[in-house]
$ cat start-v6.cif   # mmCIF, C-alpha atoms
data_target
#
loop_
_atom_site.label_atom_id
_atom_site.label_comp_id
_atom_site.auth_asym_id
_atom_site.auth_seq_id
_atom_site.Cartn_x
_atom_site.Cartn_y
_atom_site.Cartn_z
CA MET A 16 -308.55 87.86 -40.14
CA THR A 17 -305.31 85.88 -40.40
CA LEU A 18 -302.28 88.01 -41.09
CA LEU A 19 -300.29 86.93 -44.12
CA GLN A 20 -296.77 85.73 -43.41
CA GLN A 21 -293.96 87.02 -45.62
CA ALA A 22 -290.46 85.62 -45.96
CA GLN A 23 -288.21 86.91 -43.18
CA PRO A 24 -285.33 88.91 -44.62
CA THR A 25 -281.72 88.50 -43.62
CA GLN A 26 -279.41 91.51 -43.57
CA PHE A 27 -276.34 90.48 -45.54
CA SER A 28 -275.21 88.01 -48.20
CA ARG A 29 -271.84 87.00 -49.62
CA ILE A 30 -270.22 84.66 -52.09
CA LEU A 31 -269.31 81.59 -50.04
CA ALA A 32 -267.22 79.83 -52.68
CA ILE A 33 -266.36 79.71 -56.36
CA GLY A 34 -265.64 76.77 -58.67
CA ALA A 35 -264.28 76.77 -62.22
CA GLU A 36 -264.08 74.33 -65.10
CA ARG A 37 -262.31 75.10 -68.37
CA GLY A 38 -262.41 73.42 -71.73
CA GLU A 39 -259.60 70.87 -71.87
CA ASN A 40 -258.31 71.66 -75.37
CA VAL A 41 -255.93 74.60 -75.78
CA VAL A 42 -256.50 76.19 -79.20
CA THR A 43 -253.75 78.50 -80.46
CA ASN A 44 -254.15 81.45 -82.81
CA ASP A 45 -252.25 79.54 -85.48
CA ASP A 46 -254.80 76.73 -85.15
CA ILE A 47 -257.66 79.02 -86.21
CA ALA A 48 -256.01 81.77 -88.29
CA GLY A 49 -256.21 79.99 -91.66
CA PRO A 50 -259.95 80.11 -92.42
CA ILE A 51 -260.14 83.80 -91.43
CA GLU A 52 -256.96 84.73 -93.34
CA SER A 53 -255.47 86.14 -90.15
CA SER A 54 -252.34 85.57 -88.10
CA ASP A 55 -251.18 85.03 -84.55
CA GLU A 56 -249.79 88.58 -84.50
CA TRP A 57 -253.04 90.16 -85.75
CA ILE A 58 -255.19 88.29 -83.23
CA ARG A 59 -252.87 89.13 -80.33
CA GLN A 60 -252.72 92.79 -81.29
CA ARG A 61 -256.50 93.17 -81.71
CA THR A 62 -257.66 91.03 -78.81
CA GLY A 63 -254.80 90.10 -76.47
CA ILE A 64 -255.77 86.45 -76.92
CA VAL A 65 -252.90 83.98 -77.15
CA THR A 66 -254.93 80.81 -76.72
CA ARG A 67 -258.53 79.92 -75.99
CA VAL A 68 -259.74 76.76 -74.27
CA ARG A 69 -262.46 74.61 -75.78
CA ALA A 70 -264.20 71.45 -74.62
CA GLY A 71 -264.24 68.23 -76.57
CA ALA A 72 -267.23 66.69 -78.29
CA ASP A 73 -267.93 64.41 -75.32
CA ARG A 74 -268.80 67.31 -72.96
CA ASP A 75 -271.74 69.66 -73.31
CA VAL A 76 -272.54 72.86 -71.45
CA LEU A 77 -274.26 71.06 -68.58
CA ASP A 78 -271.22 68.82 -68.08
CA LEU A 79 -269.06 71.93 -67.74
CA ALA A 80 -271.61 73.52 -65.40
CA GLU A 81 -271.79 70.38 -63.25
CA ALA A 82 -268.01 70.15 -62.88
CA ALA A 83 -267.72 73.81 -61.83
CA SER A 84 -270.67 73.49 -59.44
CA ARG A 85 -269.23 70.42 -57.71
CA LYS A 86 -265.97 72.29 -57.09
CA ALA A 87 -267.88 75.25 -55.63
CA LEU A 88 -269.90 72.96 -53.34
CA VAL A 89 -266.73 71.27 -52.06
CA ALA A 90 -265.07 74.65 -51.49
CA ALA A 91 -268.12 75.86 -49.55
CA GLY A 92 -268.32 72.66 -47.49
CA LEU A 93 -271.88 72.11 -48.72
CA THR A 94 -273.75 69.43 -50.64
CA GLY A 95 -276.44 69.74 -53.26
CA ALA A 96 -279.05 69.26 -50.54
CA ASP A 97 -278.01 72.61 -49.02
CA ILE A 98 -278.88 74.51 -52.20
CA ASP A 99 -282.30 76.22 -52.38
CA ALA A 100 -282.07 77.74 -55.84
CA VAL A 101 -280.02 77.14 -58.99
CA ILE A 102 -279.62 79.96 -61.53
CA LEU A 103 -277.88 79.00 -64.75
CA SER A 104 -276.83 81.62 -67.26
CA THR A 105 -276.06 80.20 -70.69
CA ILE A 106 -276.74 80.72 -74.38
CA THR A 107 -275.53 77.24 -75.34
CA HIS A 108 -278.10 74.91 -73.76
CA PHE A 109 -279.83 73.77 -76.93
CA HIS A 110 -283.23 72.89 -75.54
CA GLN A 111 -285.90 75.56 -75.35
CA THR A 112 -287.27 73.46 -72.51
CA PRO A 113 -286.64 72.02 -69.97
CA SER A 114 -284.16 74.42 -68.47
CA GLY A 115 -280.56 73.42 -68.00
CA ALA A 116 -280.79 74.53 -64.37
CA ALA A 117 -283.44 71.94 -63.49
CA ILE A 118 -281.34 69.12 -64.96
CA LEU A 119 -278.22 70.47 -63.29
CA ALA A 120 -279.95 70.74 -59.91
CA ASP A 121 -280.96 67.10 -60.14
CA ARG A 122 -277.46 65.98 -61.10
CA LEU A 123 -276.08 67.81 -58.08
CA GLY A 124 -278.59 66.30 -55.67
CA ALA A 125 -280.17 69.71 -55.18
CA THR A 126 -283.74 68.59 -56.06
CA PRO A 127 -286.22 70.12 -55.16
CA ALA A 128 -284.31 73.43 -55.33
CA ALA A 129 -285.89 76.16 -57.42
CA ALA A 130 -284.09 76.13 -60.76
CA TYR A 131 -284.17 78.38 -63.80
CA ASP A 132 -282.03 79.58 -66.69
CA ILE A 133 -281.39 83.22 -67.50
CA SER A 134 -280.48 84.67 -70.87
CA ALA A 135 -278.11 87.55 -70.29
CA ALA A 136 -275.15 86.37 -72.38
CA CYS A 137 -271.84 87.80 -71.17
CA ALA A 138 -273.57 89.69 -68.34
CA GLY A 139 -275.23 86.50 -67.09
CA TYR A 140 -272.98 85.78 -64.15
CA ALA A 141 -273.25 89.31 -62.75
CA TYR A 142 -277.03 89.20 -63.38
CA GLY A 143 -277.12 85.89 -61.48
CA ILE A 144 -275.12 87.24 -58.53
CA GLY A 145 -277.51 90.19 -58.33
CA GLN A 146 -280.52 87.85 -58.27
CA ALA A 147 -278.91 85.48 -55.76
CA ASP A 148 -278.10 88.40 -53.46
CA ALA A 149 -281.76 89.48 -53.60
CA LEU A 150 -283.08 85.94 -53.03
CA VAL A 151 -280.85 85.38 -50.01
CA ARG A 152 -281.47 88.74 -48.35
CA SER A 153 -285.21 88.56 -48.94
CA GLY A 154 -285.31 85.20 -47.17
CA LEU A 155 -286.63 83.43 -50.27
CA ALA A 156 -283.58 81.16 -50.40
CA ARG A 157 -280.72 80.40 -48.03
CA ASN A 158 -278.02 79.16 -50.41
CA VAL A 159 -278.14 79.94 -54.13
CA LEU A 160 -275.95 78.36 -56.78
CA VAL A 161 -275.15 80.73 -59.67
CA ILE A 162 -273.49 79.31 -62.76
CA GLY A 163 -272.22 80.97 -65.91
CA ALA A 164 -271.58 78.18 -68.40
CA GLU A 165 -270.92 78.22 -72.12
CA LYS A 166 -269.82 75.82 -74.79
CA LEU A 167 -269.46 78.58 -77.35
CA SER A 168 -267.54 76.32 -79.69
CA ASP A 169 -270.98 74.88 -80.52
CA ILE A 170 -272.05 78.17 -82.13
CA ILE A 171 -268.93 79.35 -83.93
CA ASP A 172 -268.17 79.58 -87.63
CA PRO A 173 -264.47 79.00 -88.39
CA THR A 174 -264.71 81.44 -91.33
CA ASP A 175 -266.29 84.25 -89.28
CA ARG A 176 -263.93 87.18 -88.74
CA THR A 177 -266.13 89.05 -86.25
CA ILE A 178 -266.33 87.00 -83.04
CA SER A 179 -265.80 83.24 -83.44
CA PHE A 180 -262.02 83.41 -83.09
CA LEU A 181 -262.39 85.03 -79.65
CA LEU A 182 -264.52 82.35 -78.10
CA GLY A 183 -263.76 79.59 -75.61
CA ASP A 184 -265.66 77.12 -73.43
CA GLY A 185 -265.96 76.96 -69.68
CA ALA A 186 -268.12 77.26 -66.60
CA GLY A 187 -267.85 79.19 -63.37
CA ALA A 188 -270.04 78.62 -60.33
CA ALA A 189 -270.59 80.66 -57.19
CA ILE A 190 -272.58 79.86 -54.09
CA VAL A 191 -274.26 82.84 -52.48
CA GLY A 192 -275.48 82.55 -48.90
CA PRO A 193 -276.25 84.55 -45.78
CA SER A 194 -273.46 86.48 -44.09
CA ASP A 195 -272.73 88.30 -40.83
CA THR A 196 -271.07 91.11 -42.78
CA PRO A 197 -271.87 92.84 -46.12
CA GLY A 198 -270.47 90.79 -49.02
CA ILE A 199 -272.27 91.89 -52.18
CA GLY A 200 -272.76 95.55 -53.05
CA PRO A 201 -275.82 96.84 -54.92
CA THR A 202 -276.07 95.50 -58.47
CA VAL A 203 -276.11 98.20 -61.16
CA TRP A 204 -277.72 96.59 -64.16
CA GLY A 205 -279.60 97.36 -67.32
CA SER A 206 -280.12 96.77 -71.02
CA ASP A 207 -280.14 98.55 -74.37
CA GLY A 208 -282.22 96.58 -76.82
CA SER A 209 -281.79 99.32 -79.44
CA LYS A 210 -278.41 97.66 -80.07
CA SER A 211 -279.87 94.13 -80.15
CA THR A 212 -278.31 93.30 -83.51
CA SER A 213 -274.77 94.30 -82.60
CA ILE A 214 -274.11 90.83 -81.12
CA ARG A 215 -276.45 88.30 -82.68
CA GLN A 216 -277.28 84.80 -83.83
CA THR A 217 -277.09 84.68 -87.65
CA HIS A 218 -280.69 83.46 -87.95
CA SER A 219 -283.44 82.12 -85.72
CA TRP A 220 -284.52 78.50 -85.29
CA THR A 221 -287.78 79.23 -87.11
CA GLU A 222 -285.85 80.76 -90.03
CA LEU A 223 -283.74 77.62 -90.11
CA ARG A 224 -286.90 75.49 -90.17
CA ALA A 225 -288.22 77.48 -93.12
CA ASP A 226 -284.91 77.27 -94.96
CA PRO A 227 -282.65 74.41 -93.87
CA GLY A 228 -280.08 75.64 -96.39
CA LEU A 229 -279.22 78.45 -93.97
CA GLY A 230 -277.31 75.91 -91.91
CA TRP A 231 -276.57 75.87 -88.20
CA PRO A 232 -276.86 79.37 -86.66
CA THR A 233 -273.65 80.93 -85.36
CA LEU A 234 -272.66 84.19 -83.68
CA ARG A 235 -271.68 87.51 -85.24
CA GLN A 236 -270.88 90.94 -83.82
CA ASP A 237 -270.28 94.48 -85.00
CA GLY A 238 -266.88 94.71 -83.39
CA GLN A 239 -266.38 98.45 -83.57
CA THR A 240 -269.83 99.24 -82.15
CA VAL A 241 -269.39 96.75 -79.32
CA PHE A 242 -265.87 97.99 -78.57
CA LYS A 243 -267.03 101.58 -78.30
CA TRP A 244 -270.03 100.70 -76.14
CA ALA A 245 -268.11 98.42 -73.84
CA SER A 246 -265.03 100.61 -73.49
CA PHE A 247 -266.74 103.92 -72.91
CA GLN A 248 -270.28 103.24 -71.66
CA MET A 249 -269.51 100.41 -69.26
CA ALA A 250 -266.87 102.26 -67.23
CA PRO A 251 -269.54 104.63 -65.85
CA VAL A 252 -271.65 101.58 -64.91
CA ALA A 253 -268.71 100.10 -63.01
CA ALA A 254 -268.06 103.47 -61.37
CA LYS A 255 -271.71 103.61 -60.28
CA ALA A 256 -271.42 100.13 -58.75
CA MET A 257 -268.51 101.40 -56.64
CA ALA A 258 -270.41 104.55 -55.66
CA GLU A 259 -273.52 102.59 -54.65
CA ALA A 260 -271.35 100.23 -52.61
CA GLY A 261 -269.82 103.25 -50.87
CA VAL A 262 -266.28 102.51 -52.00
CA GLU A 263 -263.64 104.50 -53.89
CA PRO A 264 -261.32 103.12 -56.60
CA GLU A 265 -258.57 103.14 -53.93
CA ASP A 266 -260.62 100.70 -51.83
CA ILE A 267 -260.77 98.07 -54.59
CA GLN A 268 -258.14 95.32 -54.64
CA VAL A 269 -259.32 93.43 -57.72
CA PHE A 270 -261.05 94.36 -60.99
CA VAL A 271 -262.71 91.52 -62.86
CA PRO A 272 -264.37 92.76 -66.05
CA HIS A 273 -265.97 90.32 -68.47
CA GLN A 274 -263.08 88.92 -70.52
CA ALA A 275 -264.27 90.16 -73.92
CA ASN A 276 -261.11 91.66 -75.39
CA MET A 277 -257.88 92.85 -73.76
CA ARG A 278 -258.23 96.20 -75.51
CA ILE A 279 -261.62 96.73 -73.83
CA ILE A 280 -260.14 95.76 -70.45
CA ASP A 281 -257.26 98.22 -70.90
CA GLN A 282 -259.60 101.03 -71.93
CA MET A 283 -261.95 100.39 -68.98
CA VAL A 284 -259.05 100.48 -66.52
CA LYS A 285 -258.03 103.82 -68.01
CA GLN A 286 -261.56 105.25 -67.97
CA LEU A 287 -262.12 104.15 -64.35
CA GLY A 288 -258.84 105.62 -63.15
CA LEU A 289 -258.06 102.52 -61.11
CA PRO A 290 -254.82 102.75 -59.12
CA GLU A 291 -251.93 100.58 -60.34
CA THR A 292 -252.20 98.56 -57.14
CA VAL A 293 -255.49 97.06 -58.34
CA VAL A 294 -255.10 93.53 -59.68
CA VAL A 295 -256.78 93.36 -63.09
CA ALA A 296 -258.06 90.00 -64.35
CA ARG A 297 -256.55 89.19 -67.75
CA ASP A 298 -257.55 85.54 -68.08
CA ILE A 299 -258.67 86.23 -71.66
CA ALA A 300 -255.06 85.84 -72.85
CA ASP A 301 -255.18 82.12 -72.13
CA SER A 302 -258.87 81.22 -71.93
CA GLY A 303 -260.41 83.44 -74.63
CA ASN A 304 -263.87 84.95 -74.26
CA THR A 305 -266.10 82.47 -72.41
CA SER A 306 -269.13 84.78 -72.10
CA ALA A 307 -271.06 84.20 -68.85
CA ALA A 308 -268.25 82.01 -67.49
CA SER A 309 -265.49 84.56 -67.88
CA ILE A 310 -265.84 86.49 -64.60
CA PRO A 311 -265.90 83.46 -62.28
CA LEU A 312 -263.17 81.73 -64.31
CA ALA A 313 -260.94 84.79 -64.05
CA THR A 314 -261.75 85.23 -60.35
CA ASP A 315 -261.02 81.59 -59.58
CA ARG A 316 -257.68 81.88 -61.33
CA LEU A 317 -256.64 85.00 -59.40
CA LEU A 318 -257.54 83.28 -56.13
CA SER A 319 -255.86 79.99 -56.97
CA GLU A 320 -252.68 81.74 -58.12
CA GLY A 321 -252.63 83.80 -54.92
CA VAL A 322 -252.76 87.11 -56.79
CA ALA A 323 -256.03 87.87 -55.04
CA LYS A 324 -257.08 86.64 -51.63
CA SER A 325 -260.17 85.91 -49.60
CA GLY A 326 -261.65 89.11 -48.22
CA ASP A 327 -260.42 91.29 -51.07
CA LEU A 328 -262.92 93.76 -52.54
CA ALA A 329 -263.50 92.97 -56.20
CA LEU A 330 -265.30 95.13 -58.74
CA GLN A 331 -266.90 92.92 -61.38
CA ILE A 332 -268.84 93.87 -64.50
CA GLY A 333 -270.46 91.76 -67.19
CA PHE A 334 -271.66 93.14 -70.52
CA GLY A 335 -272.75 91.62 -73.80
CA ALA A 336 -275.47 90.58 -76.21
CA GLY A 337 -278.82 92.19 -75.60
CA LEU A 338 -277.18 94.52 -75.06
CA VAL A 339 -277.19 93.93 -71.31
CA TYR A 340 -274.88 94.74 -68.43
CA ALA A 341 -274.49 94.29 -64.68
CA ALA A 342 -271.85 95.31 -62.16
CA GLN A 343 -271.32 94.95 -58.43
CA VAL A 344 -268.59 95.09 -55.82
CA VAL A 345 -268.15 91.79 -53.98
CA VAL A 346 -266.01 90.44 -51.18
CA LEU A 347 -263.99 87.53 -52.56
CA PRO A 348 -264.60 84.18 -50.86
CA MET B 2 -269.64 126.75 -80.58
CA ALA B 3 -268.27 125.83 -84.01
CA ASN B 4 -264.52 125.44 -84.47
CA THR B 5 -262.53 126.39 -87.57
CA GLU B 6 -261.18 123.51 -89.64
CA GLN B 7 -257.69 124.40 -88.40
CA GLU B 8 -258.87 124.17 -84.79
CA ILE B 9 -260.51 120.84 -85.50
CA LEU B 10 -257.33 119.53 -87.13
CA GLU B 11 -255.24 120.61 -84.14
CA GLY B 12 -257.67 119.10 -81.65
CA LEU B 13 -257.90 115.86 -83.61
CA ALA B 14 -254.11 115.69 -83.85
CA GLU B 15 -253.90 115.86 -80.05
CA ILE B 16 -256.38 113.01 -79.73
CA VAL B 17 -254.54 110.88 -82.31
CA ALA B 18 -251.19 111.62 -80.65
CA GLU B 19 -252.58 110.56 -77.27
CA GLU B 20 -253.93 107.29 -78.66
CA THR B 21 -251.00 106.35 -80.91
CA GLY B 22 -247.92 108.08 -79.53
CA LEU B 23 -247.36 109.77 -82.91
CA PRO B 24 -246.23 113.44 -82.93
CA THR B 25 -249.11 115.84 -83.58
CA ASP B 26 -247.48 117.19 -86.76
CA ALA B 27 -247.72 113.71 -88.29
CA VAL B 28 -251.49 114.15 -88.31
CA ALA B 29 -252.04 116.05 -91.57
CA LEU B 30 -255.23 116.39 -93.63
CA GLU B 31 -254.14 114.06 -96.42
CA LYS B 32 -253.01 111.25 -94.11
CA SER B 33 -254.91 107.99 -94.18
CA PHE B 34 -255.78 106.72 -90.68
CA THR B 35 -255.03 103.12 -91.60
CA ASP B 36 -252.33 103.28 -94.28
CA ASP B 37 -250.29 106.28 -93.09
CA LEU B 38 -250.97 106.45 -89.34
CA ASP B 39 -251.34 102.68 -88.77
CA ILE B 40 -254.51 103.12 -86.72
CA ASP B 41 -256.61 99.95 -86.43
CA SER B 42 -260.41 99.78 -86.22
CA LEU B 43 -260.50 99.70 -82.41
CA SER B 44 -258.11 102.64 -81.96
CA MET B 45 -260.24 104.48 -84.51
CA MET B 46 -263.30 104.04 -82.28
CA THR B 47 -261.34 105.41 -79.32
CA ILE B 48 -260.34 108.44 -81.38
CA VAL B 49 -263.93 108.90 -82.57
CA THR B 50 -265.25 108.77 -79.00
CA HIS B 51 -262.77 111.38 -77.79
CA ALA B 52 -263.50 113.55 -80.85
CA GLU B 53 -267.24 113.39 -80.10
CA ASP B 54 -266.59 114.60 -76.57
CA LYS B 55 -264.13 117.28 -77.58
CA PHE B 56 -266.12 118.79 -80.44
CA GLY B 57 -269.64 118.15 -79.13
CA VAL B 58 -270.75 116.15 -82.17
CA ARG B 59 -272.06 112.65 -82.79
CA ILE B 60 -270.21 110.44 -85.26
CA PRO B 61 -272.45 107.42 -85.98
CA ASP B 62 -270.67 104.03 -85.98
CA GLU B 63 -271.75 103.38 -89.58
CA GLU B 64 -270.13 106.68 -90.63
CA VAL B 65 -266.69 105.80 -89.28
CA LYS B 66 -265.76 103.59 -92.24
CA ASN B 67 -266.20 106.65 -94.52
CA LEU B 68 -263.60 108.63 -92.59
CA ALA B 69 -260.56 107.37 -94.49
CA THR B 70 -258.31 110.39 -94.05
CA VAL B 71 -257.77 112.98 -91.35
CA GLY B 72 -259.31 115.50 -93.76
CA ASP B 73 -262.47 113.37 -94.03
CA ALA B 74 -262.81 113.46 -90.25
CA VAL B 75 -262.16 117.20 -90.03
CA SER B 76 -264.80 117.88 -92.71
CA PHE B 77 -267.34 115.60 -91.03
CA ILE B 78 -266.87 117.28 -87.66
CA ALA B 79 -267.04 120.77 -89.19
CA LYS B 80 -270.32 119.90 -90.96
CA ALA B 81 -271.74 118.26 -87.86
CA GLN B 82 -271.02 121.41 -85.86
CA ALA B 83 -272.54 123.72 -88.47
#
$ encode --input "start-v6.cif" --output "structure tokens"
Amino acid sequence: MTLLQQAQPTQFSRILAIGAERGENVVTNDDIAGPIESSDEWIRQRTGIVTRVRAGADRDVLDLAEAASRKALVAAGLTGADIDAVILSTITHFHQTPSGAAILADRLGATPAAAYDISAACAGYAYGIGQADALVRSGLARNVLVIGAEKLSDIIDPTDRTISFLLGDGAGAAIVGPSDTPGIGPTVWGSDGSKSTSIRQTHSWTELRADPGLGWPTLRQDGQTVFKWASFQMAPVAAKAMAEAGVEPEDIQVFVPHQANMRIIDQMVKQLGLPETVVVARDIADSGNTSAASIPLATDRLLSEGVAKSGDLALQIGFGAGLVYAAQVVVLP
Amino acid sequence: MANTEQEILEGLAEIVAEETGLPTDAVALEKSFTDDLDIDSLSMMTIVTHAEDKFGVRIPDEEVKNLATVGDAVSFIAKAQA
């Protein structure tokens, strides 16, 4: 009897390169405060956001994803043909099918790479890195392109006081490949669907079909519930990611939480007891909350500004609608 | 173990002082969290979380909006412990 062959595993994986693309329009608090009867001061105090970046009407989420991916490929010294799998996390690709990833793979010259979208909202990038790590180490793929891309300005309501004013557009891409040394710690991930309505789309597509008067669906959140969950239940998840990676807070050089709200970031830093020497990503002040794109955007910025460097150990955690979350410690490319 | 309302007030005052920088004696029963103590909705959730841990009770998110004054919170915690 012929013995079945299984994929040959490889021992380690790492992030080879990162690429980032931001919306080109800088939107100030004053620009958006009117319809929500708010002010620059109120928005800064509650969120830490000074500006958010949004893309123009001529670019959709796949355009942002493509631009970020091309930068990551150049940085890695690879071409699309070197990519075996494309994982796109987004909630703003407005086709149920085909996936954005398949279209993106073709645009990048990565056909016939495996390609699929994942729906994990603000945790999507960290979910994708966890999957890419598993694909590479299992031998199922050699190089995996992970993209968190959002054009959230397509699903905002200017009169919504719960979440729309936080949101920006952007895409971050990472290429995960085999490594001689450990580069991605164990992913600690999970979900809590009992809180599925705390960050939500106002109504479904089928509800819109039944009642077109409902108008285009947009996002809402229960801010206090999400703040409490993120601030106090996600710190233990991040701590577990460090423990499973065998590192202490003193070993971490960089902390890159999802850029949801500066107040959440501050509270997580406090809960985790991170030393003051740890560089904390605070890209939200300028870019706003870009959901799945926020971790790679913030990481790319720290690297390009020289605040973080290649080889640094970074703790990253994504969390958001689902509710879902994922954290891991990675070596920066 | 249940605390007296005075113990709850004192414990809550410590939590509020830690979060806001206000002196503990500013945290009196009749004070409004928002109007008198200038505590916003996010700081309120931080205070609620620490109060849950300290007093061993659960304060549901939907209940928080009903806790207008320090006295409201003290009463809620006392009842939840009973």
$ interface_residues --input "start-v6.cif" --of "chain B" --to "chain A" --cutoff "8 Å" --atoms "only C-alpha atoms" --output "ChimeraX atom specification"
/B:42-43,46-47,50,62
$ residues_around --input "start-v6.cif" --residues "Ser179 (chain A)" --least-positions-apart "5" --cutoff "8 Å" --atoms "all atoms listed in the file" --output "number ranges by chain"
A: 171-173, 234-235
$ atom_distance --input "start-v6.cif" --atom1 "CA of Arg152 (chain A)" --atom2 "CA of Ser309 (chain A)"
25.6 Å
$ residues_around --input "start-v6.cif" --residues "Ser33 (chain B)" --least-positions-apart "2" --cutoff "12 Å" --atoms "all atoms listed in the file" --output "ChimeraX atom specification"
/B:27-31,35-41,45,66-74
$ atom_distance --input "start-v6.cif" --atom1 "CA of Ala79 (chain B)" --atom2 "CA of Glu6 (chain B)"
6.5 Å
$ residues_around --input "start-v6.cif" --residues "Leu287 (chain A)" --least-positions-apart "2" --cutoff "7 Å" --atoms "all atoms listed in the file" --output "VMD selection string"
chain A and resid 250 254 283 to 285 289
$ write_last_selection --input "start-v6.cif" --atoms "C-alpha atoms" --output "short mmCIF file (atom, residue, chain, number, x, y, z; two decimals), in the frame of the given file"
data_model
loop_
_atom_site.label_atom_id
_atom_site.label_comp_id
_atom_site.auth_asym_id
_atom_site.auth_seq_id
_atom_site.Cartn_x
_atom_site.Cartn_y
_atom_site.Cartn_z
CA ALA A 250 -266.87 102.26 -67.23
CA ALA A 254 -268.06 103.47 -61.37
CA MET A 283 -261.95 100.39 -68.98
CA VAL A 284 -259.05 100.48 -66.52
CA LYS A 285 -258.03 103.82 -68.01
CA LEU A 289 -258.06 102.52 -61.11
#
$ atom_distance --input "start-v6.cif" --atom1 "CA of Val295 (chain A)" --atom2 "CA of Arg67 (chain A)"
18.7 Å
$ resolve_selection --input "start-v6.cif" --expression "the PyMOL selection byres ((chain A and resi 22) around 6)" --output "PyMOL selection string"
chain A and resi 21+23+154
$ residues_near_point --input "start-v6.cif" --point "(-289.6, 76.1, -64.9)" --cutoff "8 Å" --atoms "only C-alpha atoms" --output "list in words"
Pro113, Ser114, Ala117, Ala130 and Tyr131 of chain A
$ resolve_selection --input "start-v6.cif" --expression "the PyMOL selection byres ((chain A and resi 104) around 12)" --output "JSON, numbers by chain"
{"A": [76, 77, 80, 101, 102, 103, 105, 106, 107, 108, 114, 115, 116, 119, 130, 131, 132, 133, 134, 135, 136, 137, 138, 139, 140, 141, 142, 143, 144, 146, 160, 161, 162, 163, 164, 165, 166, 186, 187, 188, 189, 305, 306, 307, 308, 309, 333]}
$ closest_residue --input "start-v6.cif" --among "A:Asp148, A:Glu265, A:Glu81, A:Glu222" --to "Val345 (chain A)" --atoms "all atoms listed in the file"
A:Asp148
$ residues_around --input "start-v6.cif" --residues "Ser28 (chain A)" --least-positions-apart "5" --cutoff "12 Å" --atoms "only C-alpha atoms" --output "VMD selection string"
chain A and resid 144 to 154 156 to 159 190 to 201 345 to 346 348
$ residues_around --input "start-v6.cif" --residues "Asp54 (chain B)" --least-positions-apart "3" --cutoff "12 Å" --atoms "only C-alpha atoms" --output "MDAnalysis selection string"
(chainID A and resid 247) or (chainID B and resid 12:13 16 47:51 57:60 78)
$ closest_residue --input "start-v6.cif" --among "A:Ala296, A:Ala35, A:Ile64, A:Val344" --to "Ile267 (chain A)" --atoms "all atoms listed in the file"
A:Val344
$ resolve_selection --input "start-v6.cif" --expression "the PyMOL selection byres ((chain A and resi 328) around 12)" --output "PDB file with C-alpha atoms, in the frame of the given file"
ATOM      1  CA  ARG A  29    -271.840  87.000 -49.620  1.00  0.00           C
ATOM      2  CA  ILE A  30    -270.220  84.660 -52.090  1.00  0.00           C
ATOM      3  CA  PRO A 197    -271.870  92.840 -46.120  1.00  0.00           C
ATOM      4  CA  GLY A 198    -270.470  90.790 -49.020  1.00  0.00           C
ATOM      5  CA  ILE A 199    -272.270  91.890 -52.180  1.00  0.00           C
ATOM      6  CA  GLY A 200    -272.760  95.550 -53.050  1.00  0.00           C
ATOM      7  CA  MET A 257    -268.510 101.400 -56.640  1.00  0.00           C
ATOM      8  CA  ALA A 260    -271.350 100.230 -52.610  1.00  0.00           C
ATOM      9  CA  GLY A 261    -269.820 103.250 -50.870  1.00  0.00           C
ATOM     10  CA  VAL A 262    -266.280 102.510 -52.000  1.00  0.00           C
ATOM     11  CA  GLU A 263    -263.640 104.500 -53.890  1.00  0.00           C
ATOM     12  CA  PRO A 264    -261.320 103.120 -56.600  1.00  0.00           C
ATOM     13  CA  GLU A 265    -258.570 103.140 -53.930  1.00  0.00           C
ATOM     14  CA  ASP A 266    -260.620 100.700 -51.830  1.00  0.00           C
ATOM     15  CA  ILE A 267    -260.770  98.070 -54.590  1.00  0.00           C
ATOM     16  CA  GLN A 268    -258.140  95.320 -54.640  1.00  0.00           C
ATOM     17  CA  VAL A 269    -259.320  93.430 -57.720  1.00  0.00           C
ATOM     18  CA  PHE A 270    -261.050  94.360 -60.990  1.00  0.00           C
ATOM     19  CA  VAL A 271    -262.710  91.520 -62.860  1.00  0.00           C
ATOM     20  CA  VAL A 293    -255.490  97.060 -58.340  1.00  0.00           C
ATOM     21  CA  VAL A 294    -255.100  93.530 -59.680  1.00  0.00           C
ATOM     22  CA  THR A 314    -261.750  85.230 -60.350  1.00  0.00           C
ATOM     23  CA  ALA A 323    -256.030  87.870 -55.040  1.00  0.00           C
ATOM     24  CA  LYS A 324    -257.080  86.640 -51.630  1.00  0.00           C
ATOM     25  CA  SER A 325    -260.170  85.910 -49.600  1.00  0.00           C
ATOM     26  CA  GLY A 326    -261.650  89.110 -48.220  1.00  0.00           C
ATOM     27  CA  ASP A 327    -260.420  91.290 -51.070  1.00  0.00           C
ATOM     28  CA  ALA A 329    -263.500  92.970 -56.200  1.00  0.00           C
ATOM     29  CA  LEU A 330    -265.300  95.130 -58.740  1.00  0.00           C
ATOM     30  CA  GLN A 331    -266.900  92.920 -61.380  1.00  0.00           C
ATOM     31  CA  GLN A 343    -271.320  94.950 -58.430  1.00  0.00           C
ATOM     32  CA  VAL A 344    -268.590  95.090 -55.820  1.00  0.00           C
ATOM     33  CA  VAL A 345    -268.150  91.790 -53.980  1.00  0.00           C
ATOM     34  CA  VAL A 346    -266.010  90.440 -51.180  1.00  0.00           C
ATOM     35  CA  LEU A 347    -263.990  87.530 -52.560  1.00  0.00           C
ATOM     36  CA  PRO A 348    -264.600  84.180 -50.860  1.00  0.00           C
TER      37      PRO A 348
END
$ closest_residue --input "start-v6.cif" --among "B:Glu53, B:Phe34, B:Ser44, B:Val75" --to "Glu11 (chain B)" --atoms "all atoms listed in the file"
B:Val75
